[in-house]
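Heads up, upload.txt below (compact mmCIF, C-alpha atoms and all ligand atoms):
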# COMPACT_ATOMS: atom_id res chain seq x y z
CA MET G 1 50.78 7.70 138.39
CA SER G 2 47.39 6.59 139.67
CA PRO G 3 47.30 3.59 142.01
CA GLU G 4 45.68 1.19 139.56
CA HIS G 5 48.71 1.50 137.32
CA VAL G 6 51.06 0.14 139.95
CA ILE G 7 49.00 -2.87 141.05
CA PRO G 8 50.60 -5.82 139.25
CA ALA G 9 48.33 -8.23 137.41
CA HIS G 10 50.32 -11.27 138.47
CA GLN G 11 52.40 -12.18 141.45
CA CYS G 12 56.11 -12.06 140.88
CA PRO G 13 57.70 -15.46 140.26
CA ALA G 14 59.71 -16.79 143.18
CA PRO G 15 63.35 -15.75 142.83
CA GLU G 16 65.64 -18.41 141.47
CA PRO G 17 67.79 -20.02 144.15
CA ARG G 18 71.51 -19.27 144.08
CA PHE G 19 74.11 -21.69 145.38
CA LEU G 20 77.59 -21.81 146.84
CA ALA G 21 79.14 -25.28 146.69
CA ASP G 22 82.06 -26.59 148.73
CA ARG G 23 85.22 -28.10 147.20
CA MET G 24 83.78 -31.63 147.24
CA LEU G 25 80.98 -30.67 144.86
CA GLY G 26 82.76 -29.63 141.65
CA THR G 27 80.67 -31.88 139.40
CA LEU G 28 77.40 -30.81 141.02
CA THR G 29 78.49 -27.19 140.51
CA ARG G 30 78.85 -27.77 136.75
CA TYR G 31 75.50 -29.59 136.57
CA LEU G 32 73.68 -26.79 138.37
CA ARG G 33 75.16 -24.27 135.92
CA PHE G 34 73.97 -26.38 132.97
CA MET G 35 70.57 -26.32 134.68
CA GLY G 36 70.71 -22.52 134.71
CA TYR G 37 71.31 -21.99 138.42
CA ASP G 38 73.74 -19.30 139.55
CA THR G 39 76.31 -21.42 141.39
CA THR G 40 79.66 -20.34 142.74
CA SER G 41 82.24 -22.74 144.09
CA ALA G 42 84.72 -22.82 146.94
CA ASN G 43 87.18 -23.94 144.27
CA GLY G 44 87.31 -20.30 143.21
CA LEU G 45 88.81 -19.33 146.58
CA ALA G 46 92.51 -19.38 147.42
CA GLU G 47 93.50 -22.69 149.01
CA GLY G 48 94.93 -23.12 152.49
CA ASN G 49 92.61 -20.81 154.40
CA ALA G 50 92.20 -22.42 157.82
CA LYS G 51 88.96 -20.50 158.31
CA GLU G 52 87.46 -21.42 154.95
CA ASP G 53 84.31 -22.83 156.55
CA THR G 54 83.61 -19.49 158.22
CA LEU G 55 84.35 -17.67 154.96
CA LEU G 56 81.90 -19.91 153.09
CA LEU G 57 79.18 -19.22 155.64
CA GLU G 58 79.79 -15.47 155.34
CA LEU G 59 79.84 -15.54 151.54
CA ALA G 60 76.61 -17.55 151.38
CA LEU G 61 74.93 -15.07 153.69
CA GLN G 62 76.24 -11.96 151.89
CA GLU G 63 75.37 -13.22 148.42
CA HIS G 64 72.08 -14.85 149.40
CA ARG G 65 73.25 -18.27 148.35
CA MET G 66 72.26 -21.65 149.71
CA LEU G 67 75.42 -23.38 150.90
CA LEU G 68 75.79 -26.91 149.55
CA THR G 69 78.23 -29.06 151.46
CA ARG G 70 79.27 -32.65 152.13
CA ASP G 71 80.52 -31.57 155.56
CA ALA G 72 77.98 -32.29 158.31
CA GLU G 73 79.56 -29.82 160.74
CA LEU G 74 79.52 -27.02 158.17
CA ALA G 75 75.90 -27.81 157.27
CA ARG G 76 74.99 -27.68 160.96
CA ARG G 77 76.62 -24.28 161.32
CA GLY G 78 74.79 -23.00 158.23
CA LYS G 79 71.42 -23.99 159.74
CA GLU G 80 68.54 -23.39 157.32
CA LYS G 81 70.90 -21.67 154.86
CA ALA G 82 72.83 -24.87 154.19
CA ILE G 83 72.11 -28.27 152.72
CA LEU G 84 74.05 -31.37 153.70
CA VAL G 85 74.51 -33.19 150.41
CA ARG G 86 74.21 -36.86 151.27
CA SER G 87 75.41 -38.77 148.20
CA GLU G 88 78.75 -38.86 146.37
CA ASP G 89 76.88 -39.52 143.11
CA VAL G 90 76.04 -36.37 141.16
CA MET G 91 72.67 -37.59 139.89
CA GLU G 92 71.63 -38.45 143.44
CA GLN G 93 72.85 -35.04 144.53
CA VAL G 94 70.63 -33.34 141.92
CA GLN G 95 67.78 -35.62 142.95
CA GLN G 96 68.14 -34.51 146.58
CA LEU G 97 67.86 -30.84 145.54
CA VAL G 98 64.80 -31.66 143.41
CA GLU G 99 63.18 -33.48 146.33
CA VAL G 100 63.55 -30.54 148.70
CA GLY G 101 62.05 -28.29 146.04
CA LEU G 102 65.14 -26.14 145.40
CA VAL G 103 65.67 -26.97 141.72
CA LYS G 104 63.68 -28.14 138.75
CA ARG G 105 64.75 -30.90 136.41
CA ARG G 106 65.77 -28.86 133.40
CA VAL G 107 68.77 -28.12 131.22
CA THR G 108 68.92 -24.52 130.06
CA MET G 109 72.54 -24.26 128.87
CA SER G 110 72.30 -20.63 129.94
CA ARG G 111 75.46 -20.48 132.05
CA CYS G 112 79.06 -21.40 131.44
CA SER G 113 79.83 -24.61 133.33
CA LEU G 114 83.40 -23.43 133.96
CA CYS G 115 82.84 -19.91 135.29
CA ASN G 116 79.09 -19.42 135.94
CA THR G 117 78.84 -16.47 133.50
CA ARG G 118 75.60 -16.19 131.55
CA VAL G 119 76.27 -17.29 127.97
CA ARG G 120 74.88 -15.51 124.90
CA GLU G 121 74.03 -16.72 121.41
CA ALA G 122 77.22 -17.41 119.49
CA PHE G 123 78.21 -15.64 116.30
CA GLU G 124 79.05 -17.69 113.21
CA CYS G 125 82.70 -16.71 113.42
CA GLU G 126 82.87 -18.06 116.97
CA ILE G 127 81.35 -21.39 115.96
CA ALA G 128 83.60 -21.62 112.91
CA GLY G 129 86.64 -20.76 115.02
CA ALA G 130 86.09 -23.53 117.58
CA ASP G 131 87.76 -26.71 116.34
CA TYR G 132 85.70 -28.77 118.84
CA ALA G 133 82.38 -27.61 117.37
CA PRO G 134 80.33 -30.12 115.38
CA LYS G 135 80.75 -29.74 111.61
CA ASP G 136 77.01 -30.05 110.97
CA TRP G 137 75.24 -27.12 112.61
CA ARG G 138 71.70 -28.13 111.58
CA GLY G 139 69.23 -28.26 114.43
CA LEU G 140 71.76 -27.00 116.96
CA SER G 141 71.81 -23.82 119.03
CA PHE G 142 75.21 -22.40 119.91
CA PHE G 143 76.13 -20.29 122.91
CA TRP G 144 79.28 -18.42 123.82
CA CYS G 145 80.93 -17.60 127.14
CA GLU G 146 82.65 -14.25 126.69
CA SER G 147 84.60 -14.75 129.88
CA CYS G 148 86.21 -18.09 128.92
CA GLY G 149 85.90 -17.85 125.14
CA LYS G 150 84.17 -21.21 125.19
CA LEU G 151 81.50 -22.50 122.85
CA TYR G 152 78.49 -24.52 124.01
CA TRP G 153 75.72 -26.11 122.03
CA ASN G 154 72.62 -28.05 122.78
CA GLY G 155 72.49 -31.47 121.24
CA SER G 156 75.65 -33.05 122.67
CA HIS G 157 76.35 -32.57 126.36
CA GLY G 158 73.01 -30.74 126.35
CA ARG G 159 71.04 -33.72 125.17
CA MET G 160 72.98 -36.19 127.27
CA LEU G 161 72.30 -34.08 130.35
CA GLU G 162 68.65 -33.64 129.42
CA GLU G 163 68.29 -37.39 129.20
CA ARG G 164 70.03 -37.93 132.50
CA ILE G 165 68.28 -35.14 134.37
CA GLY G 166 64.89 -35.55 132.67
CA GLY G 167 65.03 -39.32 133.17
CA MET G 168 65.39 -39.15 136.92
CA ARG G 169 62.78 -40.86 138.94
CA GLU G 170 59.78 -38.94 140.25
CA ARG G 171 59.21 -38.92 143.96
ZN ZN Z 1 82.99 -19.20 131.15
Now, as a test, write the supplied structure out as structure tokens.
Amino acid sequence: MSPEHVIPAHQCPAPEPRFLADRMLGTLTRYLRFMGYDTTSANGLAEGNAKEDTLLLELALQEHRMLLTRDAELARRGKEKAILVRSEDVMEQVQQLVEVGLVKRRVTMSRCSLCNTRVREAFECEIAGADYAPKDWRGLSFFWCESCGKLYWNGSHGRMLEERIGGMRER
């Protein structure tokens, strides 16, 4: 292949940030997944590990994730690879990540809020088989988590989140 064929016309977009959240940040974890960010949680680890902090630091490093924590000592140990989340309020937590430029205000509904798996478009049978789905499908998009067998749609929690996240104050 001649060189001109391998020179890209545009710069690659910056890679999306990935996160690892501590046990205090379960709600923020779900919000970040609704916002489309690959976010794993310490809640997925076995409990009772006395060295969990060290494990979290190692995991974040191995998986190229930004560690999000409410623990000042853990944040200090993580240095530039960790963020000390200041507020207990989830909207203020999202706002902090927006302000440092890590996330954008958006709701993509592209990941399962329970397990972080990328969701796909749902089949009719999956929508029909979910008794919690709205009866009127008009104007809605449905998504399916194959891992959990859970249905998502924009227009309910999606719209509520969009209003909350989109309505946050600018800097
Ligand atoms: Zn899932």
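Going from CA of Leu20 (chain G) over to CA of Leu84 (chain G), you cover 12.3 Å.
Using all atoms listed in the file, the smallest distance between any of G:Arg164, G:Ala9, G:Val103, G:Pro17 and Glu63 (chain G) comes from G:Pro17.
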- Test item: residues no farther than 9 Å from ligand ZN 1 (chain Z), counting only C-alpha atoms and all ligand atoms, as a ChimeraX atom specification: /G:111-119,144-150
- Message: as a PyMOL selection string, please: the residues near Tyr31 (chain G) (cut-off 12 Å, all atoms listed in the file, same-chain neighbours under 5 positions excluded).
- Response: chain G and resi 19+21+25-26+36-40+89-95+97+103+105-114+116+157-158+160-162+164-165
- What lies within 9 Å of region 55-59 of chain G using all atoms listed in the file, ignoring chain neighbours under 3 positions off, as a PyMOL selection string? chain G and resi 20-22+42+49+51-52+62-65+67+74+77-78+81-82
- Message: What's around Val85 (chain G) at 8 Å? Count only C-alpha atoms, leave out sequence neighbours fewer than 2 positions away in its own chain, and write the answer as JSON, numbers by chain.
- Response: {"G": [68, 69, 70, 83, 87, 93, 96]}
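CA of Arg138 (chain G) is positioned 21.6 Å from CA of Phe34 (chain G).
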- Note on the structure: Between G:Glu80, G:Asp71, G:Glu99, G:Glu88, smallest distance to Thr27 (chain G) by only C-alpha atoms belongs to G:Glu88
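The spacing separating CA of Gly48 (chain G) from CA of Met24 (chain G) amounts to 15.0 Å.
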